[in-house]
Structure formats: structure tokens, C-alpha cells
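Here is coords-v6.cif, consisting of mmCIF, C-alpha atoms and all ligand atoms:
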data_coords
loop_
_atom_site.label_atom_id
_atom_site.label_comp_id
_atom_site.auth_asym_id
_atom_site.auth_seq_id
_atom_site.Cartn_x
_atom_site.Cartn_y
_atom_site.Cartn_z
CA MET A 183 116.78 97.89 91.55
CA PRO A 184 114.38 96.79 88.79
CA VAL A 185 114.02 99.27 85.95
CA ILE A 186 110.80 99.26 83.93
CA LYS A 187 109.73 101.00 80.77
CA VAL A 188 106.39 102.74 80.30
CA HIS A 189 105.99 104.15 76.80
CA ASP A 190 109.29 105.96 76.08
CA LYS A 191 110.40 106.53 79.71
CA SER A 192 112.39 104.40 82.15
CA PHE A 193 111.37 104.18 85.78
CA GLU A 194 112.95 102.65 88.89
CA THR A 195 111.23 101.31 91.98
CA TYR A 196 110.59 104.03 94.52
CA LEU A 197 108.04 102.59 96.99
CA SER A 198 107.58 98.84 97.38
CA GLU A 199 104.20 97.17 97.65
CA GLU A 200 104.88 96.36 101.29
CA THR A 201 105.88 99.94 102.13
CA ILE A 202 102.72 101.30 100.47
CA GLN A 203 100.41 98.80 102.17
CA GLN A 204 101.96 99.45 105.58
CA ARG A 205 101.52 103.22 105.20
CA VAL A 206 97.94 102.91 103.90
CA LYS A 207 97.12 100.88 107.02
CA GLU A 208 98.65 103.61 109.20
CA LEU A 209 96.56 106.29 107.48
CA ALA A 210 93.42 104.18 107.93
CA ASP A 211 94.24 103.70 111.62
CA ALA A 212 94.56 107.48 112.03
CA ILE A 213 91.22 108.02 110.28
CA ASN A 214 89.58 105.26 112.36
CA ALA A 215 90.71 107.09 115.49
CA ASP A 216 89.85 110.62 114.30
CA TYR A 217 86.38 109.66 113.02
CA ALA A 218 85.35 107.21 115.75
CA GLY A 219 81.57 107.45 116.21
CA LYS A 220 81.20 109.45 112.97
CA ARG A 221 80.29 108.29 109.49
CA PRO A 222 82.54 110.04 106.98
CA LEU A 223 81.86 110.19 103.27
CA PHE A 224 84.99 109.51 101.22
CA ILE A 225 85.07 111.22 97.83
CA ALA A 226 87.71 109.48 95.75
CA ILE A 227 89.00 111.35 92.74
CA LEU A 228 89.32 109.17 89.64
CA ASN A 229 91.22 107.80 87.88
CA GLY A 230 94.45 107.81 89.87
CA SER A 231 93.09 107.24 93.37
CA PHE A 232 91.13 104.04 92.71
CA MET A 233 93.71 101.65 94.18
CA PHE A 234 94.57 103.81 97.17
CA ALA A 235 90.88 104.44 97.86
CA ALA A 236 90.08 100.71 97.73
CA ASP A 237 92.96 99.69 100.02
CA LEU A 238 92.31 102.55 102.45
CA PHE A 239 88.59 101.77 102.56
CA LYS A 240 89.24 98.08 103.28
CA CYS A 241 91.29 99.03 106.35
CA LEU A 242 88.51 101.14 107.87
CA THR A 243 86.73 99.77 110.91
CA ILE A 244 84.37 102.75 111.35
CA GLU A 245 81.14 103.17 109.39
CA ALA A 246 81.91 105.03 106.19
CA GLU A 247 80.52 105.79 102.74
CA ILE A 248 82.43 106.26 99.51
CA CYS A 249 81.73 107.75 96.10
CA PHE A 250 83.93 108.33 93.09
CA ILE A 251 84.15 111.45 90.99
CA LYS A 252 86.19 112.52 88.03
CA LEU A 253 88.05 115.79 87.51
CA ALA A 254 90.05 116.51 84.38
CA SER A 255 93.36 118.37 84.68
CA TYR A 256 96.37 116.31 83.64
CA LYS A 257 97.86 115.38 80.29
CA GLY A 258 101.15 113.52 79.77
CA MET A 259 103.84 114.38 82.29
CA LYS A 260 102.86 117.98 83.04
CA SER A 261 99.90 119.22 85.00
CA SER A 262 97.76 121.42 82.75
CA GLY A 263 96.58 123.01 85.95
CA ASN A 264 92.98 123.59 84.94
CA VAL A 265 90.18 121.66 86.54
CA VAL A 266 87.84 121.26 83.61
CA THR A 267 84.96 119.39 85.10
CA SER A 268 83.72 117.19 87.93
CA ILE A 269 81.45 114.29 87.14
CA GLY A 270 79.54 111.98 89.42
CA LEU A 271 79.03 113.95 92.60
CA GLU A 272 75.46 113.05 93.43
CA ASP A 273 75.55 112.97 97.20
CA ASP A 274 74.26 115.90 99.21
CA LEU A 275 77.22 116.99 101.31
CA PHE A 276 75.31 119.19 103.75
CA ASP A 277 76.43 118.44 107.32
CA LYS A 278 78.57 115.47 106.17
CA GLU A 279 82.08 114.67 107.33
CA VAL A 280 83.83 114.64 103.96
CA ILE A 281 87.27 113.21 103.22
CA ILE A 282 88.67 113.78 99.73
CA VAL A 283 90.87 110.90 98.54
CA GLU A 284 93.61 111.83 96.05
CA ASP A 285 96.47 109.84 94.57
CA ILE A 286 98.85 112.79 94.50
CA VAL A 287 98.87 116.48 95.29
CA ASP A 288 101.41 118.22 93.05
CA THR A 289 101.02 122.00 92.57
CA GLY A 290 97.78 121.88 94.55
CA LYS A 291 95.81 123.54 91.77
CA THR A 292 93.34 120.70 91.21
CA LEU A 293 92.11 120.71 94.79
CA HIS A 294 92.50 124.47 95.18
CA ASN A 295 89.99 124.87 92.32
CA PHE A 296 87.72 122.07 93.39
CA LEU A 297 87.42 122.47 97.17
CA PRO A 298 85.34 125.68 97.05
CA LYS A 299 82.73 123.82 94.97
CA LEU A 300 82.36 121.33 97.79
CA GLY A 301 82.49 124.04 100.42
CA HIS A 302 79.35 125.62 98.93
CA GLN A 303 77.43 122.53 99.97
CA GLN A 304 78.32 123.19 103.61
CA PRO A 305 79.79 119.87 104.72
CA ARG A 306 80.32 119.64 108.50
CA SER A 307 84.02 119.06 107.87
CA LEU A 308 86.26 118.72 104.82
CA ARG A 309 89.63 116.99 104.91
CA ILE A 310 92.08 115.68 102.34
CA ALA A 311 93.77 112.28 102.31
CA THR A 312 96.45 111.90 99.66
CA LEU A 313 98.81 109.00 99.15
CA LEU A 314 101.56 111.19 97.72
CA HIS A 315 102.42 114.86 98.22
CA LYS A 316 105.04 116.74 96.21
CA SER A 317 105.25 119.42 98.85
CA GLU A 318 108.20 121.15 97.17
CA ALA A 319 106.05 121.60 94.02
CA THR A 320 103.33 123.49 95.90
CA VAL A 321 102.07 126.56 94.08
CA TYR A 322 98.62 126.78 95.61
CA PRO A 323 98.76 126.68 99.39
CA LEU A 324 97.01 123.54 100.43
CA LYS A 325 97.80 121.34 103.38
CA PRO A 326 96.53 117.77 103.03
CA ASP A 327 95.40 116.34 106.38
CA TYR A 328 96.51 112.75 105.76
CA VAL A 329 99.65 112.24 103.65
CA GLY A 330 101.09 108.83 102.83
CA PHE A 331 104.47 109.95 101.51
CA ASP A 332 106.03 113.34 100.87
CA ILE A 333 107.97 112.77 97.65
CA PRO A 334 110.44 114.76 95.55
CA ASN A 335 109.26 116.68 92.50
CA LYS A 336 109.81 113.82 90.04
CA PHE A 337 107.22 112.05 87.91
CA VAL A 338 105.92 108.75 89.33
CA VAL A 339 103.73 105.92 88.05
CA GLY A 340 102.12 102.80 89.51
CA TYR A 341 99.54 101.92 92.15
CA GLY A 342 96.83 103.73 90.19
CA LEU A 343 98.98 106.50 88.73
CA ASP A 344 99.59 106.46 84.98
CA TYR A 345 101.89 107.80 82.33
CA ASN A 346 99.69 108.45 79.30
CA GLY A 347 97.27 105.71 80.28
CA LEU A 348 99.77 103.00 81.24
CA GLY A 349 101.29 101.86 84.52
CA ARG A 350 98.22 102.02 86.74
CA ASN A 351 98.26 98.25 87.38
CA LEU A 352 101.72 98.22 88.97
CA LYS A 353 101.65 97.25 92.66
CA GLU A 354 104.66 99.44 93.43
CA ILE A 355 105.34 103.12 92.76
CA TYR A 356 108.11 103.92 90.28
CA GLN A 357 110.03 107.16 89.75
CA VAL A 358 111.21 108.42 86.37
CA ILE A 359 114.97 108.05 85.80
P1 LIG B 401 98.00 119.35 90.91
O1 LIG B 401 96.71 119.97 90.48
O2 LIG B 401 98.12 119.18 92.40
O3 LIG B 401 99.18 120.04 90.30
O4 LIG B 401 98.05 117.91 90.25
C1 LIG B 401 97.30 116.86 90.72
C2 LIG B 401 97.13 115.81 89.66
O5 LIG B 401 98.25 115.79 88.75
C3 LIG B 401 97.07 114.43 90.26
O6 LIG B 401 95.76 114.06 90.60
C4 LIG B 401 97.64 113.57 89.14
O7 LIG B 401 96.62 113.19 88.25
C5 LIG B 401 98.60 114.47 88.41
N1 LIG B 401 100.01 114.25 88.79
C6 LIG B 401 100.82 115.11 89.44
N2 LIG B 401 102.05 114.60 89.61
C7 LIG B 401 102.02 113.37 89.03
C8 LIG B 401 103.02 112.32 88.89
O8 LIG B 401 104.18 112.40 89.32
N3 LIG B 401 102.59 111.20 88.26
C9 LIG B 401 101.34 111.05 87.76
N4 LIG B 401 101.07 109.89 87.15
N5 LIG B 401 100.39 112.00 87.89
C10 LIG B 401 100.74 113.14 88.51
#

Please re-express this file's structure in C-alpha cells.
Ligand code: 5GP
Amino acid sequence: MPVIKVHDKSFETYLSEETIQQRVKELADAINADYAGKRPLFIAILNGSFMFAADLFKCLTIEAEICFIKLASYKGMKSSGNVVTSIGLEDDLFDKEVIIVEDIVDTGKTLHNFLPKLGHQQPRSLRIATLLHKSEATVYPLKPDYVGFDIPNKFVVGYGLDYNGLGRNLKEIYQVI
């Protein structure tokens, strides 16, 4: 199994490109079915979700909109847990079918803090699509509606996820050794 180095840490392959792409297609198929005849607005949370959001969006056959926002909460290998800010949310969410797109839900704090802000705008529906879910790390009860992979509580990089700025360009997902 190829081992790579990002900064000072070693990582081994955890999810191959093929495995990820296959699962993203399955999630898109589920969304295509669930939102048939609707026009959901995807809100992708930067930076980590950009690759997942792009691949998921390409597999949609329904009409859909997408926008990208930024929340700040994570430094290094530990979640700081505080959502500092959200930038870029210009759309009016009233009566919209909203799907949040996340790279990973870890403790759940980021979305736990952020979802009420969206709820105030009274979307018609609000669901969460996350590529990765560390369900055993849950501190804030939060049940994502579409989950690519439930993964153990170990740090991962690749496919949009970084370790101190590096590793986002990797096509696979790697787990720290
Ligand atoms: P939560 O608020 O759910 O604890 O953390 C969510 C955020 O923490 C994610 O959007 C992501 O930025 C970061 N995060 C959590 N676990 C990992 C991980 O294993 N790898 C990377 N690169 N980021 C992570």
C-alpha cells in the first residue's frame, strides 16, 4: 500500500479514486431520485468540499443550483470547534430546497453551529450531504442525510481535504499512520 508524506506525517491509502467516484455517483443517484421535479440549491462549504461538490454536481441529472461559502473552524489536525464566520452566502434561502455539501463531519460542531443560521431564512427543506462521517467522534448530535463513507476517528487527507494546507490535490483519500 503506497505510503505518502504530507509535512511531517505519513499517510497510507484508505479510499481509492475508483471507490470514491463510485460512491459519489451513488449519492448523486439518490439525490436525483429524492429531488426529482425539484430544484435544490447546494451550499458547498469551502475549502475541503470543493472536489466532492464538483464531482457530485456533475453527476446530477435534475435541475440544481450551487453556491460556495466559507466557514472557519479547523487548524492543523484538531478541530478548534468554533465556527468563526461564514462568507459568501448571498442567496435568499426562503422556500428553497437546500442541501449542505461537506467534506467531513467530525464532532458535528461546525454544522451544529451553522445550521440554525440557515434555518432562520426558512428554507423549505434542509439536508446535509457529506462525503465522510466520523460517526464515532460525534459530540453534537447531527445526522447527515447523505453519507459517502462512515470512517474511523483518524485524520485523513486528500480529495479536497488538507493537512496544514497540503494534500488537497490527491485523487485518493489517505489515513494517518
Ligand atoms: P466538526 O466541526 O464536525 O468537528 O469538524 C468539521 C471540519 O473539521 C471539517 O469540515 C474539516 O475541515 C475538519 N476535519 C475534521 N476531521 C478531519 C480530518 O480527518 N481531516 C481533515 N483534513 N479535516 C478534518

Original post:
What do you get as a PyMOL selection string if you pick all residues at most 6 Å from ligand LIG 401 (chain B), counting all atoms listed in the file?
Top reply: chain A and resi 256+261+263+285-292+336-339+343-345

**OP:** May I ask for the distance between CA of Gly349 (chain A) and CA of Leu293 (chain A), given in Å to one decimal place?
**Re:** 23.3 Å

Subject >> Nearest residue to Ile355 (chain A) from the set A:Val329, A:Ala218, A:Ile281, A:Leu313 (distances using all atoms listed in the file) >> reply: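 Closest to Ile355 (chain A) of all the choices is A:Leu313.
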
**OP:** Mind checking which residues fall within 6 Å of Lys252 (chain A), counting only C-alpha atoms, ignoring those fewer than 5 positions away in the same chain, and posting them as a count of residues only?
**Re:** 4

Surrounding residues of Glu279 (chain A) excluding itself and chain neighbours under 2 positions, 12 Å, all atoms listed in the file, as an mmCIF file with C-alpha atoms, keeping the file's coordinate frame:
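Result file follows (around.cif):
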data_model
loop_
_atom_site.group_PDB
_atom_site.id
_atom_site.type_symbol
_atom_site.label_atom_id
_atom_site.label_comp_id
_atom_site.auth_asym_id
_atom_site.auth_seq_id
_atom_site.Cartn_x
_atom_site.Cartn_y
_atom_site.Cartn_z
ATOM 1 C CA ILE A 213 91.220 108.020 110.280
ATOM 2 C CA ASP A 216 89.850 110.620 114.300
ATOM 3 C CA TYR A 217 86.380 109.660 113.020
ATOM 4 C CA ALA A 218 85.350 107.210 115.750
ATOM 5 C CA GLY A 219 81.570 107.450 116.210
ATOM 6 C CA LYS A 220 81.200 109.450 112.970
ATOM 7 C CA ARG A 221 80.290 108.290 109.490
ATOM 8 C CA PRO A 222 82.540 110.040 106.980
ATOM 9 C CA LEU A 223 81.860 110.190 103.270
ATOM 10 C CA PHE A 224 84.990 109.510 101.220
ATOM 11 C CA ILE A 225 85.070 111.220 97.830
ATOM 12 C CA GLU A 245 81.140 103.170 109.390
ATOM 13 C CA ALA A 246 81.910 105.030 106.190
ATOM 14 C CA GLU A 247 80.520 105.790 102.740
ATOM 15 C CA ILE A 248 82.430 106.260 99.510
ATOM 16 C CA ASP A 274 74.260 115.900 99.210
ATOM 17 C CA LEU A 275 77.220 116.990 101.310
ATOM 18 C CA PHE A 276 75.310 119.190 103.750
ATOM 19 C CA ASP A 277 76.430 118.440 107.320
ATOM 20 C CA ILE A 281 87.270 113.210 103.220
ATOM 21 C CA ILE A 282 88.670 113.780 99.730
ATOM 22 C CA LEU A 300 82.360 121.330 97.790
ATOM 23 C CA GLY A 301 82.490 124.040 100.420
ATOM 24 C CA GLN A 303 77.430 122.530 99.970
ATOM 25 C CA GLN A 304 78.320 123.190 103.610
ATOM 26 C CA PRO A 305 79.790 119.870 104.720
ATOM 27 C CA ARG A 306 80.320 119.640 108.500
ATOM 28 C CA SER A 307 84.020 119.060 107.870
ATOM 29 C CA LEU A 308 86.260 118.720 104.820
ATOM 30 C CA ARG A 309 89.630 116.990 104.910
ATOM 31 C CA ILE A 310 92.080 115.680 102.340
#

**OP:** Extract, using all atoms listed in the file, all DNA, RNA and protein residues at most 12 Å from Asp237 (chain A), discarding same-chain residues fewer than 2 positions from it, and format them as number ranges by chain.
**Re:** A: 199, 202-210, 226, 231-235, 239-242, 283, 313, 341-342, 353

Subject >> Spatial neighbours of His294 (chain A), 9 Å, all atoms listed in the file, chain gap at least 3 places, as a VMD selection string >> reply: chain A and resid 290 to 291 297 to 298 322 to 324

Original post:
At what distance in Å, to one decimal, does CA of Cys249 (chain A) lie from CA of Glu318 (chain A)?
Top reply: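 Spanning CA of Glu318 (chain A) to CA of Cys249 (chain A) is a straight-line distance of 29.7 Å.
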
**OP:** One decimal, Å: what's the distance from CA of Asn351 (chain A) over to CA of Asn214 (chain A), could you say?
**Re:**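 Spanning CA of Asn351 (chain A) to CA of Asn214 (chain A) is a straight-line distance of 27.4 Å.
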
**OP:** Go through A:His189, A:Arg350, A:His302, A:His315 one by one, measure the shortest atom-to-atom distance of each to Tyr328 (chain A) using only C-alpha atoms, and give the residue with the smallest value.
**Re:**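 Going through A:His189, A:Arg350, A:His302, A:His315 one by one, the smallest distance to Tyr328 (chain A) is for A:His315.
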
Original post:
Which of these residues is nearest to Tyr356 (chain A), using only C-alpha atoms: A:Leu197, A:Leu253, A:Leu314, A:Ile333?
Top reply: A:Leu197

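The shell of residues at most 12 Å from Ile359 (chain A), with all atoms listed in the file counted and near chain neighbours (fewer than 2 positions) removed, consists of Met183, Pro184, Val185, Ile186, Lys187, Val188, Asp190, Lys191, Ser192, Phe193, Glu194, Thr195, Tyr196, Lys336, Phe337, Val338, Val339, Tyr356 and Gln357 of chain A.
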